[in-house]
Every structure is written in structure tokens, then in C-alpha cells.
There are 2 protein chains.
Amino acid sequence: MLGALFFDVFGTLVDWRTSVARESERMLAPSGYNLDWLAFASAWRGRYQPAMEKVRSGARGFVKLDVLHRENLQEISVDFGLQDVAASILDELAWTAWRRLDAWPDVSEGLQLLRGKVLIAPVSNGNISLMAAIARHNVLSWDAILGAEIARDFKPNAAVYDAACAAFDLPPERCAMVAAHTSDLVAAASRGLKTIHVSRPDEHGPGKGEGKPLAPVDFAVGNLIELARVLPS
Amino acid sequence: MLGALFFDVFGTLVDWRTSVARESERMLAPSGYNLDWLAFASAWRGRYQPAMEKVRSGARGFVKLDVLHRENLQEISVDFGLQDVAASILDELAWTAWRRLDAWPDVSEGLQLLRGKVLIAPVSNGNISLMAAIARHNVLSWDAILGAEIARDFKPNAAVYDAACAAFDLPPERCAMVAAHTSDLVAAASRGLKTIHVSRPDEHGPGKGEGKPLAPVDFAVGNLIELARVLPS
């Protein structure tokens with residue numbers, strides 16, 4: 001029987017794309033900037049995997065995702081004509097935009113129902129303070145915040161899944177990774193965890209997300225309320 | 001202005017003495033054991049500091065407090081005539097007794113009020129799964145579980161306080177340690193944290209606890225509801 005559910009956060013629980021676009025516009029539009037804010041959010045997110053890869057490969061020591069978000073913003077700033085924005089404003093943008101991410105509509109109720117059945121924790125590449133802020137922004141309650149920072153590595157490296165199971169003193173077969181990204185689930189399965197795919201067909205824009213898993217998983221659900229209905233207590 | 005409150009747990013938030021006594025009696029009395037259960041709880045707890053000292057001094061690598069609780073139970077078992085109890089029962093006792101600790105009466109309401117003002121986290125020597133279980137037992141909600149396991153060291157070593165501040169990305173002067181033990185607060189102050197003493201005069205039995213701080217602290221309160229009243233939003 002499952003003892004814990006581990007949740008991917010960006011894309012699976014929160015709609016980073018429209019939220020980052022909205023927060024970027026809120027901070028930069030008053031200074032006269034008028035970008036394609038959704039394209040800007042996607043470009044920023046596009047630097048996410050390459051930046052983490054340096055840490056995963058061992059070329060760079062572990063740093064919090066907040067640090068990578070700031071660096072990635074710097075990298076794309078010229079492409080979007082933001083080279084004259086004060087560093088302090090970019091600091092503030094990188095810090096707050098990724099904290100004010102709105103959850104998909106099913107998440108608050110779904111997590112509350114699921115927490116009545118098993119331990120729940122984010123197992124995200126986001127750092128602890130970032131996860132705590134996203135939880136507050138959406139009034140979510142976790143049993144603990146696990147993930148990259150306690151493992152000092154990034155998914156899909158094995159250490160992140162292993163550290164999460166170890167923190168809850170559960171064997172991997174009693175833990176399930178819940179994600180809208182097949183790659184995350186394939187990596188979790190390779191460490192012995194169960195896998196649950198959540199459909200998020202609009203993550204990267206309408207119809208541009210994983211509506212279905214792209215590889216075999218243990219369960220595939222449309223949203224977290226549906227997951228709560230089928231998960232035995 | 002304070003950004004986070006870090007809480008000691010055993011003694012400060014939960015009444016380990018009467019809870020461990022009750023749980024030990026519940027598990028062992030059906031097999032005919034009739035001990036002085038409060039003395040048993042105190043003896044068990046009495047092994048706590050010496051066991052951690054081996055890790056703090058570097059003589060032993062980090063292990064979770066659950067492991068020390070089990071070893072300490074073994075050490076006192078002969079003194080209390082428990083040498084014939086099955087190892088599996090002692091395993092279960094060591095695991096559950098320290099998870100079913102009842103909070104002092106002000107804690108649930110106090111933490112809820114405080115969480116409306118600042119980030120809150122346990123910074124205990126207890127491990128993550130143990131802290132998550134105590135929170136569930138008492139229906140407490142934390143922003144994150146920090147403390148010994150993320151620092152891989154035990155209080156009052158500096159690494160535990162430093163790791164907690166770092167996890168929330170706050171300078172130590174914007175964090176306060178809340179404890180009923182002056183020694184914990186003195187150590188936190190030496191790392192730059194603010195210090196808040198909570199009176200728990202009955203921790204070790206009626207009148208046998210720290211009713212007042214034994215060294216200078218920044219604030220001294222009678223309970224967490226009082227702390228919530230005086231802490232600015």
C-alpha cells in the first residue's frame with residue numbers, strides 16, 4: 001500500500017507559463033516594456049534544463065534553483081531588450097515570479113483529499129524556500145518539503161528520488177511520483193517508485209503539454225481530485 | 001523584522017514525558033509489565049543527550065534520532081526488566097511512542113496564529129519522518145521541516161541553526177529560535193539568531209522544567225498564543 005505521494009511542481013501543480021508571464025508584465029510594464037510575455041516566460045523556462053544539467057553532470061556544484069532562475073533571466077534579457085533594466089529589478093523578478101505561480105484548479109482540493117490518505121511532499125527541483133512560498137501562495141499544506149535541496153542534486157538524477165523515500169523512511173515501492181512529465185516518471189520508476197501521470201495538456205500553451213503519458217506508468221489520471229477518488233485510504 | 005520562527009519540539013511543543021509513558025504502558029501492559037511508566041519515559045529521554053554527543057563530537061556519523069531512540073531503549077531495557085520483550089515490539093515502541101506525542105494545550109492555536117505572520121518550521125533534533133508524524137498527530141501545519149536531518153548534525157551544534165536560516169534564505173537576525181531550553185537558545189544566539197524562551201515548567205514533571213530562561217534571551221513568553229499576540233505581523 002502506498003505510504004507517500006511525491007509531487008512534481010512546475011507544470012504538474014502550477015501553471016508556471018501564464019503566472020510568470022503575468023508577474024513579468026506586472027513588474028516590467030510600468031517601466032514601459034511591452035514584450036510577448038508568454039514567449040518571455042517560455043524562453044526563461046527554456047533555460048531550465050540546460051542550467052541544471054551542469055549540476056547533474058558534476059560540472060558545477062549544487063546551487064539552488066533560485067540561483068539558476070536569476071542566471072537564466074540574465075541570459076535571455078538581451079534577447080528581449082531588457083539589458084537596461086536595473087539588476088535589482090531583475091533580482092526581484094527572478095525571486096518573486098517563480099513564487100507567485102498559480103496552481104491548476106484541481107490542486108488545492110486534490111492535495112487536501114490526498115493528504116487525508118497518505119503523506120504528501122513536493123519532490124521538485126525547486127529549493128525549500130521557493131516551495132514554501134508557492135505553498136503559501138496557493139494555501140497548500142505539505143507533510144514536508146523534499147526534493148532537490150535535500151538531495152543536493154536535480155531530477156531526474158537518482159539521488160533526488162532516493163533521498164525523498166529515505167526522508168520518509170519508506171521503501172521506494174511504497175512511494176509514488178506524481179508528474180505531468182513522462183521523463184520524471186521514467187526516472188522515478190528506475191529507482192523503484194510507483195508512477196502516476198497527471199494530464200496537463202496546456203502546460204506550454206493550449207494543447208502543448210502532456211495530455212497522456214508517453215511511456216508506461218502505473219496510473220494515469222486527469223487531475224488530482226480524480227487521483228484522490230481512486231486512491232485507497 | 002522577523003521572517004521565520006524555528007521551533008524546538010521535544011519539551012517546547014510536545015509533552016514527551018507523559019506521552020511516552022502512556023504509549024509505553026499501552027504497548028507493554030497487555031504483556032503483564034507494570035513499570036513506573038513516567039520514570040521509564042524519563043530514563044529513556046535521559047539517554048538522549050549522551051547518544052547525540054557521539055555524533056556531535058564526530059565520533060560517529062550522522063544517524064536519525066529514530067535510530068538513537070531504538071538504541072537507547074535497548075540500553076535501558078534491562079534496568080526496567082524488559083530484557084524478554086521481543087525485538088519487534090521494542091522496534092514498534094521506539095518508532096510509535098515518539099510519534100504520538102501530545103502538544104501542550106496552546107500549541108495548535110498558537111502555531112496557527114504565528115503562521116499567519118511569519119514562516120514557521122521545526123528545528124528539532126528529530127528526523128523528518130518523526131516531525132511529520134508529530135505534526136499529523138497534533139494537526140499542525142509547517143512551512144517546511146528543517147532541523148537535524150537537513151543539517152546532518154544535532155543541536156546545539158552550529159550547523160543546525162545555520163542550515164535552517166539558509167533553507168529559508170534569511171539572514172540569522174531575521175530568524176528566531178523558540179525553545180523551552182536555555183541551552184538551545186544560547187547556541188542559536190551565538191549563530192546570530194534571535195531567541196524566544198517559552199515557559200514549560202512541567203516538562204520533567206510538575207515544577208521540573210524551565211519556567212524562566214536561565215540566561216539572557218530576546219523575549220520570554222508563557223506560551224505560543226502569548227507569543228502570537230506580541231509578534232508584529
# chains A, B, ... in the order shown; residues from 1 in each chain; ligands from 1
call {"tool": "interface_residues", "arguments": {"of": "chain B", "to": "chain A", "cutoff": "12 Å", "atoms": "only C-alpha atoms", "output": "ChimeraX atom specification"}}
result
/B:3-4,63-64,66-67,95,115-122,126-137,139-152,163-170
call {"tool": "select_by_dssp", "arguments": {"residues": "region 1-176 of chain A", "states": "helix (DSSP H, G or I)", "output": "PyMOL selection string"}}
result
chain A and resi 16-31+37-46+48-56+65-77+87-97+107-115+128-138+148-151+158-167+172-174
call {"tool": "residues_around", "arguments": {"residues": "Pro213 (chain B)", "least_positions_apart": "5", "cutoff": "10 Å", "atoms": "only C-alpha atoms", "output": "list in words"}}
result
Ala179, Ala180, His181, Thr182, Ser183, Leu185, Ile196, His197, Val198, Ser199, Phe219, Ala220 and Val221 of chain B
call {"tool": "closest_residue", "arguments": {"among": "A:Glu75, A:Glu53, A:Glu25, A:Asp15", "to": "Asn138 (chain A)", "atoms": "only C-alpha atoms"}}
result
A:Asp15
call {"tool": "residues_around", "arguments": {"residues": "region 225-233 of chain B", "least_positions_apart": "4", "cutoff": "7 Å", "atoms": "only C-alpha atoms", "output": "list in words"}}
result
Asp106, Glu109, Gly110, Leu113, Leu114, Lys117 and Val221 of chain B
call {"tool": "residues_around", "arguments": {"residues": "Ser31 (chain A)", "least_positions_apart": "3", "cutoff": "12 Å", "atoms": "only C-alpha atoms", "output": "list in words"}}
result
Ser24, Glu25, Arg26, Met27, Leu28, Asn34, Leu35, Leu82, Asp84, Val85, Ala86 and Ile89 of chain A
call {"tool": "residues_around", "arguments": {"residues": "Arg47 (chain B)", "least_positions_apart": "6", "cutoff": "10 Å", "atoms": "only C-alpha atoms", "output": "CSV table (one decimal) with N, CA and C atoms, in the first residue's frame"}}
result
chain,number,residue,atom,x,y,z
B,68,LEU,N,18.7,6.4,17.3
B,68,LEU,CA,19.1,6.6,18.7
B,68,LEU,C,18.0,6.2,19.7
B,69,HIS,N,16.8,6.6,19.4
B,69,HIS,CA,15.7,6.2,20.3
B,69,HIS,C,15.7,4.7,20.5
B,71,GLU,N,18.2,2.5,20.0
B,71,GLU,CA,19.4,2.0,20.7
B,71,GLU,C,19.2,2.4,22.2
B,72,ASN,N,18.7,3.6,22.5
B,72,ASN,CA,18.6,4.0,23.9
B,72,ASN,C,17.6,3.1,24.6
B,73,LEU,N,16.5,2.7,23.9
B,73,LEU,CA,15.5,1.8,24.5
B,73,LEU,C,16.2,0.5,24.9
B,75,GLU,N,19.3,0.0,25.7
B,75,GLU,CA,20.2,0.2,26.8
B,75,GLU,C,19.5,0.2,28.1
B,76,ILE,N,18.2,0.8,28.2
B,76,ILE,CA,17.6,0.9,29.5
B,76,ILE,C,16.7,-0.3,29.7
call {"tool": "closest_residue", "arguments": {"among": "A:Asn125, A:Ala29, A:Glu23, A:Asp218", "to": "Glu92 (chain A)", "atoms": "only C-alpha atoms"}}
result
A:Glu23
call {"tool": "select_by_dssp", "arguments": {"residues": "chain B", "states": "strand (DSSP E or B)", "output": "PyMOL selection string"}}
result
chain B and resi 4-7+10+14+103+119-124+146-147+175-179+194-198+219-221
call {"tool": "write_last_selection", "arguments": {"atoms": "N, CA and C atoms", "output": "PDB file, in the first residue's frame"}}
result
ATOM      1  N   ALA B   4      11.104  34.375  10.084  1.00  0.00           N
ATOM      2  CA  ALA B   4      10.829  32.967  10.395  1.00  0.00           C
ATOM      3  C   ALA B   4      11.012  32.689  11.880  1.00  0.00           C
ATOM      4  N   LEU B   5      10.186  31.779  12.359  1.00  0.00           N
ATOM      5  CA  LEU B   5      10.347  31.233  13.709  1.00  0.00           C
ATOM      6  C   LEU B   5      10.708  29.759  13.587  1.00  0.00           C
ATOM      7  N   PHE B   6      11.756  29.370  14.299  1.00  0.00           N
ATOM      8  CA  PHE B   6      12.196  27.979  14.332  1.00  0.00           C
ATOM      9  C   PHE B   6      11.870  27.403  15.705  1.00  0.00           C
ATOM     10  N   PHE B   7      11.244  26.253  15.728  1.00  0.00           N
ATOM     11  CA  PHE B   7      10.762  25.700  16.985  1.00  0.00           C
ATOM     12  C   PHE B   7      11.503  24.449  17.409  1.00  0.00           C
ATOM     13  N   PHE B  10      10.669  18.708  21.213  1.00  0.00           N
ATOM     14  CA  PHE B  10      10.534  17.884  22.426  1.00  0.00           C
ATOM     15  C   PHE B  10      10.636  18.757  23.672  1.00  0.00           C
ATOM     16  N   VAL B  14       5.772  19.673  22.567  1.00  0.00           N
ATOM     17  CA  VAL B  14       5.078  18.452  22.990  1.00  0.00           C
ATOM     18  C   VAL B  14       5.553  17.993  24.358  1.00  0.00           C
ATOM     19  N   ALA B 103       0.829  17.620  21.966  1.00  0.00           N
ATOM     20  CA  ALA B 103       1.276  19.003  22.107  1.00  0.00           C
ATOM     21  C   ALA B 103       0.718  19.605  23.395  1.00  0.00           C
ATOM     22  N   LEU B 119       7.088  32.696   8.482  1.00  0.00           N
ATOM     23  CA  LEU B 119       7.356  31.291   8.183  1.00  0.00           C
ATOM     24  C   LEU B 119       7.608  30.554   9.492  1.00  0.00           C
ATOM     25  N   ILE B 120       7.106  29.332   9.586  1.00  0.00           N
ATOM     26  CA  ILE B 120       7.367  28.535  10.792  1.00  0.00           C
ATOM     27  C   ILE B 120       7.880  27.152  10.394  1.00  0.00           C
ATOM     28  N   ALA B 121       8.840  26.663  11.151  1.00  0.00           N
ATOM     29  CA  ALA B 121       9.409  25.335  10.887  1.00  0.00           C
ATOM     30  C   ALA B 121       9.946  24.740  12.178  1.00  0.00           C
ATOM     31  N   PRO B 122       9.810  23.433  12.350  1.00  0.00           N
ATOM     32  CA  PRO B 122      10.515  22.811  13.458  1.00  0.00           C
ATOM     33  C   PRO B 122      12.009  22.787  13.153  1.00  0.00           C
ATOM     34  N   VAL B 123      12.812  23.145  14.137  1.00  0.00           N
ATOM     35  CA  VAL B 123      14.269  22.959  14.043  1.00  0.00           C
ATOM     36  C   VAL B 123      14.621  22.131  15.270  1.00  0.00           C
ATOM     37  N   SER B 124      14.380  20.853  15.097  1.00  0.00           N
ATOM     38  CA  SER B 124      14.462  19.863  16.164  1.00  0.00           C
ATOM     39  C   SER B 124      15.599  18.910  15.867  1.00  0.00           C
ATOM     40  N   LEU B 146      12.644  21.598   8.944  1.00  0.00           N
ATOM     41  CA  LEU B 146      14.090  21.813   8.935  1.00  0.00           C
ATOM     42  C   LEU B 146      14.672  21.080  10.145  1.00  0.00           C
ATOM     43  N   GLY B 147      15.907  21.369  10.520  1.00  0.00           N
ATOM     44  CA  GLY B 147      16.466  20.737  11.710  1.00  0.00           C
ATOM     45  C   GLY B 147      17.592  19.770  11.412  1.00  0.00           C
ATOM     46  N   CYS B 175      15.691  35.488  11.867  1.00  0.00           N
ATOM     47  CA  CYS B 175      15.138  34.215  12.332  1.00  0.00           C
ATOM     48  C   CYS B 175      15.194  34.189  13.855  1.00  0.00           C
ATOM     49  N   ALA B 176      14.193  33.574  14.473  1.00  0.00           N
ATOM     50  CA  ALA B 176      14.240  33.407  15.924  1.00  0.00           C
ATOM     51  C   ALA B 176      14.050  31.946  16.274  1.00  0.00           C
ATOM     52  N   MET B 177      14.871  31.488  17.207  1.00  0.00           N
ATOM     53  CA  MET B 177      14.713  30.145  17.763  1.00  0.00           C
ATOM     54  C   MET B 177      13.750  30.258  18.940  1.00  0.00           C
ATOM     55  N   VAL B 178      12.770  29.362  18.986  1.00  0.00           N
ATOM     56  CA  VAL B 178      11.784  29.338  20.060  1.00  0.00           C
ATOM     57  C   VAL B 178      11.975  28.019  20.812  1.00  0.00           C
ATOM     58  N   ALA B 179      12.293  28.111  22.103  1.00  0.00           N
ATOM     59  CA  ALA B 179      12.572  26.876  22.849  1.00  0.00           C
ATOM     60  C   ALA B 179      12.295  27.075  24.329  1.00  0.00           C
ATOM     61  N   LYS B 194      17.729  35.448  16.717  1.00  0.00           N
ATOM     62  CA  LYS B 194      17.017  35.970  17.866  1.00  0.00           C
ATOM     63  C   LYS B 194      16.550  34.787  18.719  1.00  0.00           C
ATOM     64  N   THR B 195      16.231  35.076  19.978  1.00  0.00           N
ATOM     65  CA  THR B 195      15.879  33.974  20.880  1.00  0.00           C
ATOM     66  C   THR B 195      14.593  34.268  21.648  1.00  0.00           C
ATOM     67  N   ILE B 196      13.737  33.272  21.700  1.00  0.00           N
ATOM     68  CA  ILE B 196      12.451  33.394  22.391  1.00  0.00           C
ATOM     69  C   ILE B 196      12.279  32.193  23.314  1.00  0.00           C
ATOM     70  N   HIS B 197      12.207  32.477  24.595  1.00  0.00           N
ATOM     71  CA  HIS B 197      12.017  31.398  25.566  1.00  0.00           C
ATOM     72  C   HIS B 197      10.530  31.207  25.842  1.00  0.00           C
ATOM     73  N   VAL B 198      10.105  29.951  25.832  1.00  0.00           N
ATOM     74  CA  VAL B 198       8.726  29.615  26.200  1.00  0.00           C
ATOM     75  C   VAL B 198       8.766  28.855  27.518  1.00  0.00           C
ATOM     76  N   PHE B 219      13.231  37.494  24.018  1.00  0.00           N
ATOM     77  CA  PHE B 219      11.869  37.536  24.534  1.00  0.00           C
ATOM     78  C   PHE B 219      11.643  36.302  25.398  1.00  0.00           C
ATOM     79  N   ALA B 220      10.723  36.426  26.345  1.00  0.00           N
ATOM     80  CA  ALA B 220      10.338  35.268  27.162  1.00  0.00           C
ATOM     81  C   ALA B 220       8.829  35.300  27.292  1.00  0.00           C
ATOM     82  N   VAL B 221       8.170  34.243  26.831  1.00  0.00           N
ATOM     83  CA  VAL B 221       6.704  34.212  26.839  1.00  0.00           C
ATOM     84  C   VAL B 221       6.213  32.993  27.618  1.00  0.00           C
TER      85      VAL B 221
END
call {"tool": "atom_distance", "arguments": {"atom1": "CA of Phe80 (chain A)", "atom2": "CA of Arg17 (chain A)"}}
result
16.5 Å
call {"tool": "atom_distance", "arguments": {"atom1": "CA of Gly11 (chain A)", "atom2": "CA of Gly32 (chain A)"}}
result
29.5 Å
call {"tool": "atom_distance", "arguments": {"atom1": "CA of Pro50 (chain B)", "atom2": "CA of Ala215 (chain B)"}}
result
23.0 Å
call {"tool": "residues_around", "arguments": {"residues": "Ala21 (chain A)", "least_positions_apart": "6", "cutoff": "7 Å", "atoms": "only C-alpha atoms", "output": "list in words"}}
result
Trp37, Leu38, Phe40 and Ala41 of chain A
